[in-house]
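Colleague: Dumping the structure here so I can ask a few things about it.
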There are 2 protein chains.
Amino acid sequence: MKDFSYYNPTKIEFGRGKEKEIGRYIQEAGITKVLFVYGMNSIKKSGLYDETIISLKKYGVAYEELGNVVSNPLLSRVNDGIKLSRETQVQAILGVGGGSVADTIKAIAVGVKYEGDVWDFFTHKAVIKEALPVFTVMTLAATASEMNGNSVITHDETKEKFSIASVLVNPVISVINPELMASVTKDYLAYSAVDAIAHVIEVYFTASYHSDFNSRLVESIIKSMMSTTEILLKNPSDYNARGEFAWIATQALNGLTPSGTEGGSFPNHMIEHALSALYNVPHGAGLSVVIPAWMKWYKYKNIPQFERFAKEVFGLKKADEGIYALEAWFKKIGSPVTLEGLNIPKNDIPAIAKNAYVIAKTWGYDKENSLEDIIEVLQKA
Amino acid sequence: MKDFSYYNPTKIEFGRGKEKEIGRYIQEAGITKVLFVYGMNSIKKSGLYDETIISLKKYGVAYEELGNVVSNPLLSRVNDGIKLSRETQVQAILGVGGGSVADTIKAIAVGVKYEGDVWDFFTHKAVIKEALPVFTVMTLAATASEMNGNSVITHDETKEKFSIASVLVNPVISVINPELMASVTKDYLAYSAVDAIAHVIEVYFTASYHSDFNSRLVESIIKSMMSTTEILLKNPSDYNARGEFAWIATQALNGLTPSGTEGGSFPNHMIEHALSALYNVPHGAGLSVVIPAWMKWYKYKNIPQFERFAKEVFGLKKADEGIYALEAWFKKIGSPVTLEGLNIPKNDIPAIAKNAYVIAKTWGYDKENSLEDIIEVLQKA
């Protein structure tokens, strides 16, 4: 067991209709004015936009609005939010939407309190010391952004997709109502499952110290995620499976699974961020392409854990068998497993690898992932 | 999935030497004076008492002392602590010890802020609205008290062993240094393992709604707890196993495993509290007697989950096989499985059941656990 600090002060309000209480949760935190951030038109169509405003008004919380947050969210919109927050002197940021909205509100929350360029935090030129409190009502389960301090933002011009992590932007309260997540398409459900699995599988293989309990937690997350995904693909209106799916996704990246391990890293996320920054592919779809390729490339570095994975998750024996079983499952649920499946030409590999290598340097992964390594992984995709 | 709120704001500082920073953690929370609570002589012998004082002094934290907290901690000592805290105007309570010390500091913390008798909270005559902040340095892994708001206290005269639960007394920061836990005897190590398993197994069987993920979490905790216990019984100085044991015990009762389930209860704890209140037996030893007896009595109410338990934890098939395997494992690690093993005469069963039934009423369990039911369970012990 390695030393660690575990601290996750986010309160989760889970269940039907809890979004109607968002105004109360914010009011009880002593906040009287928020910036209400959302994505495109889906929350207006679903009625969630109106419900949010009704709840805010009911509890006397004034609000400003910032919509049009796109998937793979952009720095320019973050800067719009920072400007608006300052001009209107909001005390907190409320995000209603999926992972992109959650990413955006956290970046706004740290940017408002910083005199320099908010991108400085993403390039590690500045350290986060202060932030406005953030609240979320989630409409998609995948990123666990509702219970962590992570934010991933894409620079509009350079196409760099960089991230920050600070407990200061862990949401104060996050609402998870599985019913709000029921309208996701089957494609995006599959991508979300891949994303949640990706959140636990990387440290599972790359950590220099594993505990039996950590491994069991990860295997539990993967197995339950697989079974609930299959239930939902057959019956999207299964509330229990939808709820379980959401809660598993939350647990997959809230700090729990890597506690006590050491040296774990996120090379698959790193390579995928390059894919989605350059081609705007869905994050989960990019991950299902990268993960099997990376596993085939990386397996020699940790055969025992790959064998454990094969046995515990699929009841198989050999490292390779586990990798192919996972790849087959990604295919089965409709998530691509080749660059071709993403309509990305193999000729682009050098350019993708170059973008990923910039991220590798930013994340401090360049020692273990050279430009050549990344090219090798992508060639297996 | 059932509705729930999950909120656990305790920060865990896990690792070697972290107890030396306790003064800093308290100072950084803006606190300048604490009540330093501990048990009998063990922390003086081990040097932890001196280290705590050195750390408090180093960071300018003044302190008052309250020692002599016994196992199955008493209300009288809680009242001593409340009185001393008021007289000396401490701002927080620091507990250095095991579960009994943690129980005591939480009861003091709520009592200081309440004009009436602190026992009112335990008898549900009053609701906890305020508390002093509490901090812990744990020397025993078992209760998860380091990461929950639970406290169990025994009334000196009536021998009632009652409990409170409030997030207001979740420790602000808890230190878990596995090295501080290495001196536990093999007996108490076994009792601690039983206690941690008891914390997850009750809701696992009694909940009216189970999710696949909840069940997997519980099975992971039980399996990893069993394997680390066996390692430690052979080699008490195995730091990794000691650390993993501690972290599993923490996860076993910090609110995670029952999230999204419904209707779960703690009938084994209820009956055991009567045993340890009347005979002052170690809590874990009492639990290893009650659990197999209760399982044999309760199994008919949830055969599918008992079969799942047999399969997932022991690789067996039938409900009974799982029960006997767990009972055999308790025996194997040296924890008693009969009343005789606790030197409690079978003739006392009516008196024990009567005490337990009072707890049943206090906890709202009397509908599902009549006096006759409790007698039936105890007769199987």
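Residues in the structure tokens are numbered from 1 in each chain, the chains being A, B, ... in the order shown, and ligands are numbered from 1 in the order shown.
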Residues of chain A within 6 Å of chain B, counting only C-alpha atoms - could you list those as a list in words?

Modeller: Met1, Asp3, Phe4, Ser5, Tyr6, Tyr7, Pro9, Lys11, Ile12, Glu13, Phe14, Gly15, Phe213, Arg216, Ser220, Ser224, Asn240 and Gly243 of chain A

Colleague: Would you output that residue set with N, CA and C atoms, as a PDB file, in the first residue's frame?

Modeller:
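Wrote part.pdb, looks like this:
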ATOM      1  N   MET A   1       0.838  -1.194   0.000  1.00  0.00           N
ATOM      2  CA  MET A   1       0.000   0.000   0.000  1.00  0.00           C
ATOM      3  C   MET A   1       0.874   1.245   0.000  1.00  0.00           C
ATOM      4  N   ASP A   3       1.257   5.469   0.188  1.00  0.00           N
ATOM      5  CA  ASP A   3       0.622   6.592   0.885  1.00  0.00           C
ATOM      6  C   ASP A   3      -0.363   7.303  -0.044  1.00  0.00           C
ATOM      7  N   PHE A   4      -1.415   7.813   0.528  1.00  0.00           N
ATOM      8  CA  PHE A   4      -2.325   8.630  -0.272  1.00  0.00           C
ATOM      9  C   PHE A   4      -3.167   9.524   0.627  1.00  0.00           C
ATOM     10  N   SER A   5      -3.728  10.555   0.004  1.00  0.00           N
ATOM     11  CA  SER A   5      -4.766  11.359   0.650  1.00  0.00           C
ATOM     12  C   SER A   5      -6.042  11.114  -0.136  1.00  0.00           C
ATOM     13  N   TYR A   6      -7.109  10.869   0.572  1.00  0.00           N
ATOM     14  CA  TYR A   6      -8.393  10.713  -0.108  1.00  0.00           C
ATOM     15  C   TYR A   6      -9.345  11.773   0.450  1.00  0.00           C
ATOM     16  N   TYR A   7      -9.895  12.545  -0.443  1.00  0.00           N
ATOM     17  CA  TYR A   7     -10.806  13.612  -0.006  1.00  0.00           C
ATOM     18  C   TYR A   7     -11.763  13.899  -1.140  1.00  0.00           C
ATOM     19  N   PRO A   9     -15.325  15.752  -1.190  1.00  0.00           N
ATOM     20  CA  PRO A   9     -16.416  16.374  -0.431  1.00  0.00           C
ATOM     21  C   PRO A   9     -17.701  16.608  -1.222  1.00  0.00           C
ATOM     22  N   LYS A  11     -21.299  16.176  -2.507  1.00  0.00           N
ATOM     23  CA  LYS A  11     -22.523  15.489  -2.078  1.00  0.00           C
ATOM     24  C   LYS A  11     -23.304  15.062  -3.314  1.00  0.00           C
ATOM     25  N   ILE A  12     -23.686  13.793  -3.348  1.00  0.00           N
ATOM     26  CA  ILE A  12     -24.478  13.289  -4.474  1.00  0.00           C
ATOM     27  C   ILE A  12     -25.934  13.193  -4.050  1.00  0.00           C
ATOM     28  N   GLU A  13     -26.801  13.795  -4.829  1.00  0.00           N
ATOM     29  CA  GLU A  13     -28.247  13.637  -4.620  1.00  0.00           C
ATOM     30  C   GLU A  13     -28.748  12.784  -5.771  1.00  0.00           C
ATOM     31  N   PHE A  14     -29.072  11.546  -5.456  1.00  0.00           N
ATOM     32  CA  PHE A  14     -29.351  10.547  -6.479  1.00  0.00           C
ATOM     33  C   PHE A  14     -30.821  10.154  -6.443  1.00  0.00           C
ATOM     34  N   GLY A  15     -31.491  10.232  -7.592  1.00  0.00           N
ATOM     35  CA  GLY A  15     -32.857   9.715  -7.635  1.00  0.00           C
ATOM     36  C   GLY A  15     -33.803  10.544  -8.481  1.00  0.00           C
ATOM     37  N   PHE A 213      -7.551  -5.515  -3.203  1.00  0.00           N
ATOM     38  CA  PHE A 213      -8.830  -4.808  -3.084  1.00  0.00           C
ATOM     39  C   PHE A 213      -9.029  -3.825  -4.234  1.00  0.00           C
ATOM     40  N   ARG A 216      -9.976  -5.758  -7.235  1.00  0.00           N
ATOM     41  CA  ARG A 216     -11.361  -6.240  -7.147  1.00  0.00           C
ATOM     42  C   ARG A 216     -12.373  -5.120  -7.406  1.00  0.00           C
ATOM     43  N   SER A 220     -15.011  -5.199 -10.350  1.00  0.00           N
ATOM     44  CA  SER A 220     -16.438  -5.048 -10.049  1.00  0.00           C
ATOM     45  C   SER A 220     -17.066  -3.991 -10.943  1.00  0.00           C
ATOM     46  N   SER A 224     -19.915  -4.992 -13.652  1.00  0.00           N
ATOM     47  CA  SER A 224     -21.263  -4.421 -13.503  1.00  0.00           C
ATOM     48  C   SER A 224     -21.572  -3.447 -14.639  1.00  0.00           C
ATOM     49  N   ASN A 240     -33.628   0.665 -13.133  1.00  0.00           N
ATOM     50  CA  ASN A 240     -32.599   0.162 -12.218  1.00  0.00           C
ATOM     51  C   ASN A 240     -31.241   0.050 -12.907  1.00  0.00           C
ATOM     52  N   GLY A 243     -29.864   3.491 -13.453  1.00  0.00           N
ATOM     53  CA  GLY A 243     -29.337   4.060 -12.213  1.00  0.00           C
ATOM     54  C   GLY A 243     -28.007   3.438 -11.825  1.00  0.00           C
TER      55      GLY A 243
END

Colleague: Got a sec: who's within 10 Å of B:Val34, counting only C-alpha atoms, leaving out chain neighbours fewer than 4 positions off, as a PyMOL selection string?

Modeller: chain B and resi 26+56+61-65+85+88-95+132-135

Colleague: Please produce a file of the residues just selected, as an mmCIF file, in the first residue's frame, where the atoms kept are N, CA, C and O atoms.

Modeller:
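Writing the result to out.cif gives the following:
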data_model
loop_
_atom_site.group_PDB
_atom_site.id
_atom_site.type_symbol
_atom_site.label_atom_id
_atom_site.label_comp_id
_atom_site.auth_asym_id
_atom_site.auth_seq_id
_atom_site.Cartn_x
_atom_site.Cartn_y
_atom_site.Cartn_z
ATOM 1 N N ILE B 26 -4.672 20.052 12.062
ATOM 2 C CA ILE B 26 -5.601 20.771 12.951
ATOM 3 C C ILE B 26 -5.388 22.281 12.817
ATOM 4 O O ILE B 26 -6.345 23.049 12.707
ATOM 5 N N LEU B 56 1.277 18.573 18.143
ATOM 6 C CA LEU B 56 0.361 19.659 18.525
ATOM 7 C C LEU B 56 1.155 20.906 18.908
ATOM 8 O O LEU B 56 0.846 22.023 18.464
ATOM 9 N N VAL B 61 -0.905 24.197 18.637
ATOM 10 C CA VAL B 61 -2.262 23.804 19.031
ATOM 11 C C VAL B 61 -2.246 23.438 20.525
ATOM 12 O O VAL B 61 -1.574 22.487 20.929
ATOM 13 N N ALA B 62 -2.963 24.213 21.344
ATOM 14 C CA ALA B 62 -3.061 23.909 22.778
ATOM 15 C C ALA B 62 -3.984 22.708 22.976
ATOM 16 O O ALA B 62 -4.794 22.398 22.105
ATOM 17 N N TYR B 63 -3.835 22.035 24.106
ATOM 18 C CA TYR B 63 -4.671 20.842 24.300
ATOM 19 C C TYR B 63 -5.002 20.598 25.765
ATOM 20 O O TYR B 63 -4.257 20.995 26.661
ATOM 21 N N GLU B 64 -6.147 19.970 25.984
ATOM 22 C CA GLU B 64 -6.505 19.371 27.257
ATOM 23 C C GLU B 64 -6.558 17.875 27.026
ATOM 24 O O GLU B 64 -6.733 17.437 25.896
ATOM 25 N N GLU B 65 -6.452 17.093 28.093
ATOM 26 C CA GLU B 65 -6.391 15.639 27.938
ATOM 27 C C GLU B 65 -7.532 14.914 28.617
ATOM 28 O O GLU B 65 -7.969 15.291 29.705
ATOM 29 N N SER B 85 -14.506 19.895 28.114
ATOM 30 C CA SER B 85 -14.479 20.706 26.889
ATOM 31 C C SER B 85 -15.094 22.074 27.127
ATOM 32 O O SER B 85 -14.605 23.088 26.620
ATOM 33 N N THR B 88 -12.827 24.253 29.471
ATOM 34 C CA THR B 88 -11.555 24.694 28.899
ATOM 35 C C THR B 88 -11.718 25.296 27.505
ATOM 36 O O THR B 88 -10.742 25.677 26.870
ATOM 37 N N GLN B 89 -12.967 25.329 27.048
ATOM 38 C CA GLN B 89 -13.288 25.968 25.765
ATOM 39 C C GLN B 89 -12.449 25.478 24.590
ATOM 40 O O GLN B 89 -11.893 26.290 23.835
ATOM 41 N N VAL B 90 -12.370 24.182 24.444
ATOM 42 C CA VAL B 90 -11.670 23.645 23.272
ATOM 43 C C VAL B 90 -12.541 23.853 22.034
ATOM 44 O O VAL B 90 -13.763 23.965 22.125
ATOM 45 N N GLN B 91 -11.886 23.896 20.864
ATOM 46 C CA GLN B 91 -12.619 24.132 19.610
ATOM 47 C C GLN B 91 -12.854 22.864 18.808
ATOM 48 O O GLN B 91 -13.586 22.870 17.816
ATOM 49 N N ALA B 92 -12.172 21.792 19.201
ATOM 50 C CA ALA B 92 -12.305 20.536 18.454
ATOM 51 C C ALA B 92 -11.895 19.387 19.361
ATOM 52 O O ALA B 92 -11.284 19.602 20.408
ATOM 53 N N ILE B 93 -12.245 18.172 18.931
ATOM 54 C CA ILE B 93 -11.884 16.989 19.710
ATOM 55 C C ILE B 93 -10.981 16.109 18.840
ATOM 56 O O ILE B 93 -11.328 15.798 17.690
ATOM 57 N N LEU B 94 -9.850 15.724 19.404
ATOM 58 C CA LEU B 94 -8.919 14.826 18.712
ATOM 59 C C LEU B 94 -8.908 13.489 19.435
ATOM 60 O O LEU B 94 -8.648 13.438 20.644
ATOM 61 N N GLY B 95 -9.194 12.434 18.716
ATOM 62 C CA GLY B 95 -9.121 11.097 19.308
ATOM 63 C C GLY B 95 -7.946 10.335 18.752
ATOM 64 O O GLY B 95 -7.756 10.296 17.533
ATOM 65 N N LEU B 132 -18.876 20.002 17.594
ATOM 66 C CA LEU B 132 -17.502 20.451 17.410
ATOM 67 C C LEU B 132 -16.866 19.566 16.334
ATOM 68 O O LEU B 132 -17.231 18.400 16.196
ATOM 69 N N PRO B 133 -15.900 20.091 15.580
ATOM 70 C CA PRO B 133 -15.194 19.233 14.612
ATOM 71 C C PRO B 133 -14.348 18.185 15.336
ATOM 72 O O PRO B 133 -13.821 18.447 16.410
ATOM 73 N N VAL B 134 -14.270 16.999 14.732
ATOM 74 C CA VAL B 134 -13.450 15.934 15.320
ATOM 75 C C VAL B 134 -12.363 15.483 14.337
ATOM 76 O O VAL B 134 -12.532 15.557 13.120
ATOM 77 N N PHE B 135 -11.266 15.049 14.916
ATOM 78 C CA PHE B 135 -10.110 14.533 14.166
ATOM 79 C C PHE B 135 -9.702 13.206 14.799
ATOM 80 O O PHE B 135 -9.845 13.048 16.005
#

Colleague: Could you write out, as number ranges by chain, all the residues of stretch 195-243 of chain B that DSSP marks as helix (DSSP H, G or I)?

Modeller: B: 195-206, 212-234, 239-243

Colleague: Go through stretch 121-360 of chain B and collect every residue that DSSP, computed from the backbone, puts in strand (DSSP E); the answer should be as a list in words.

Modeller: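 The strand (DSSP E) subset of stretch 121-360 of chain B is Val134, Phe135, Thr136, Val137, Met138, Asn150, Ser151, Val152, Ile153, Thr154, Lys161, Phe162, Ser163, Ile164, Ala165, Ile173, Ser174, Val175 and Ile176 of chain B.
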
Colleague: If you count only C-alpha atoms, which residues fall within 12 Å of B:Asp366, apart from same-chain ones fewer than 6 positions away, as number ranges by chain?

Modeller: B: 265-267, 270-271, 353-354, 356-360, 372-374

Colleague: Go ahead and save the picked residues with N, CA and C atoms, as a PDB file, in the first residue's frame.

Modeller:
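What ended up in part05.pdb:
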ATOM      1  N   SER B 265     -30.853  -3.561   7.094  1.00  0.00           N
ATOM      2  CA  SER B 265     -30.803  -3.315   8.540  1.00  0.00           C
ATOM      3  C   SER B 265     -29.627  -4.074   9.147  1.00  0.00           C
ATOM      4  N   PHE B 266     -29.428  -3.894  10.442  1.00  0.00           N
ATOM      5  CA  PHE B 266     -28.267  -4.435  11.147  1.00  0.00           C
ATOM      6  C   PHE B 266     -28.681  -5.322  12.324  1.00  0.00           C
ATOM      7  N   PRO B 267     -29.442  -6.380  12.068  1.00  0.00           N
ATOM      8  CA  PRO B 267     -29.911  -7.223  13.171  1.00  0.00           C
ATOM      9  C   PRO B 267     -28.778  -7.913  13.929  1.00  0.00           C
ATOM     10  N   MET B 270     -27.311  -5.468  16.251  1.00  0.00           N
ATOM     11  CA  MET B 270     -28.288  -5.243  17.325  1.00  0.00           C
ATOM     12  C   MET B 270     -28.145  -6.316  18.420  1.00  0.00           C
ATOM     13  N   ILE B 271     -28.115  -7.559  18.010  1.00  0.00           N
ATOM     14  CA  ILE B 271     -28.010  -8.640  19.003  1.00  0.00           C
ATOM     15  C   ILE B 271     -26.640  -8.615  19.682  1.00  0.00           C
ATOM     16  N   ALA B 353     -31.790 -11.570  25.031  1.00  0.00           N
ATOM     17  CA  ALA B 353     -32.808 -11.228  24.029  1.00  0.00           C
ATOM     18  C   ALA B 353     -33.598 -10.000  24.467  1.00  0.00           C
ATOM     19  N   LYS B 354     -33.858  -9.915  25.743  1.00  0.00           N
ATOM     20  CA  LYS B 354     -34.611  -8.773  26.267  1.00  0.00           C
ATOM     21  C   LYS B 354     -33.840  -7.470  26.032  1.00  0.00           C
ATOM     22  N   ALA B 356     -31.508  -7.016  23.784  1.00  0.00           N
ATOM     23  CA  ALA B 356     -31.445  -6.783  22.332  1.00  0.00           C
ATOM     24  C   ALA B 356     -32.761  -6.225  21.804  1.00  0.00           C
ATOM     25  N   TYR B 357     -33.853  -6.680  22.385  1.00  0.00           N
ATOM     26  CA  TYR B 357     -35.166  -6.222  21.916  1.00  0.00           C
ATOM     27  C   TYR B 357     -35.388  -4.737  22.224  1.00  0.00           C
ATOM     28  N   VAL B 358     -34.809  -4.277  23.316  1.00  0.00           N
ATOM     29  CA  VAL B 358     -34.865  -2.832  23.613  1.00  0.00           C
ATOM     30  C   VAL B 358     -34.138  -2.060  22.500  1.00  0.00           C
ATOM     31  N   ILE B 359     -32.981  -2.600  22.090  1.00  0.00           N
ATOM     32  CA  ILE B 359     -32.245  -1.963  20.982  1.00  0.00           C
ATOM     33  C   ILE B 359     -33.092  -2.037  19.702  1.00  0.00           C
ATOM     34  N   ALA B 360     -33.707  -3.191  19.461  1.00  0.00           N
ATOM     35  CA  ALA B 360     -34.565  -3.352  18.278  1.00  0.00           C
ATOM     36  C   ALA B 360     -35.601  -2.241  18.214  1.00  0.00           C
ATOM     37  N   GLU B 372     -39.192 -13.186  20.318  1.00  0.00           N
ATOM     38  CA  GLU B 372     -39.107 -14.629  20.023  1.00  0.00           C
ATOM     39  C   GLU B 372     -38.080 -14.894  18.909  1.00  0.00           C
ATOM     40  N   ASP B 373     -38.083 -14.028  17.885  1.00  0.00           N
ATOM     41  CA  ASP B 373     -37.104 -14.170  16.802  1.00  0.00           C
ATOM     42  C   ASP B 373     -35.681 -14.132  17.360  1.00  0.00           C
ATOM     43  N   ILE B 374     -35.450 -13.151  18.214  1.00  0.00           N
ATOM     44  CA  ILE B 374     -34.094 -12.977  18.762  1.00  0.00           C
ATOM     45  C   ILE B 374     -33.701 -14.204  19.581  1.00  0.00           C
TER      46      ILE B 374
END
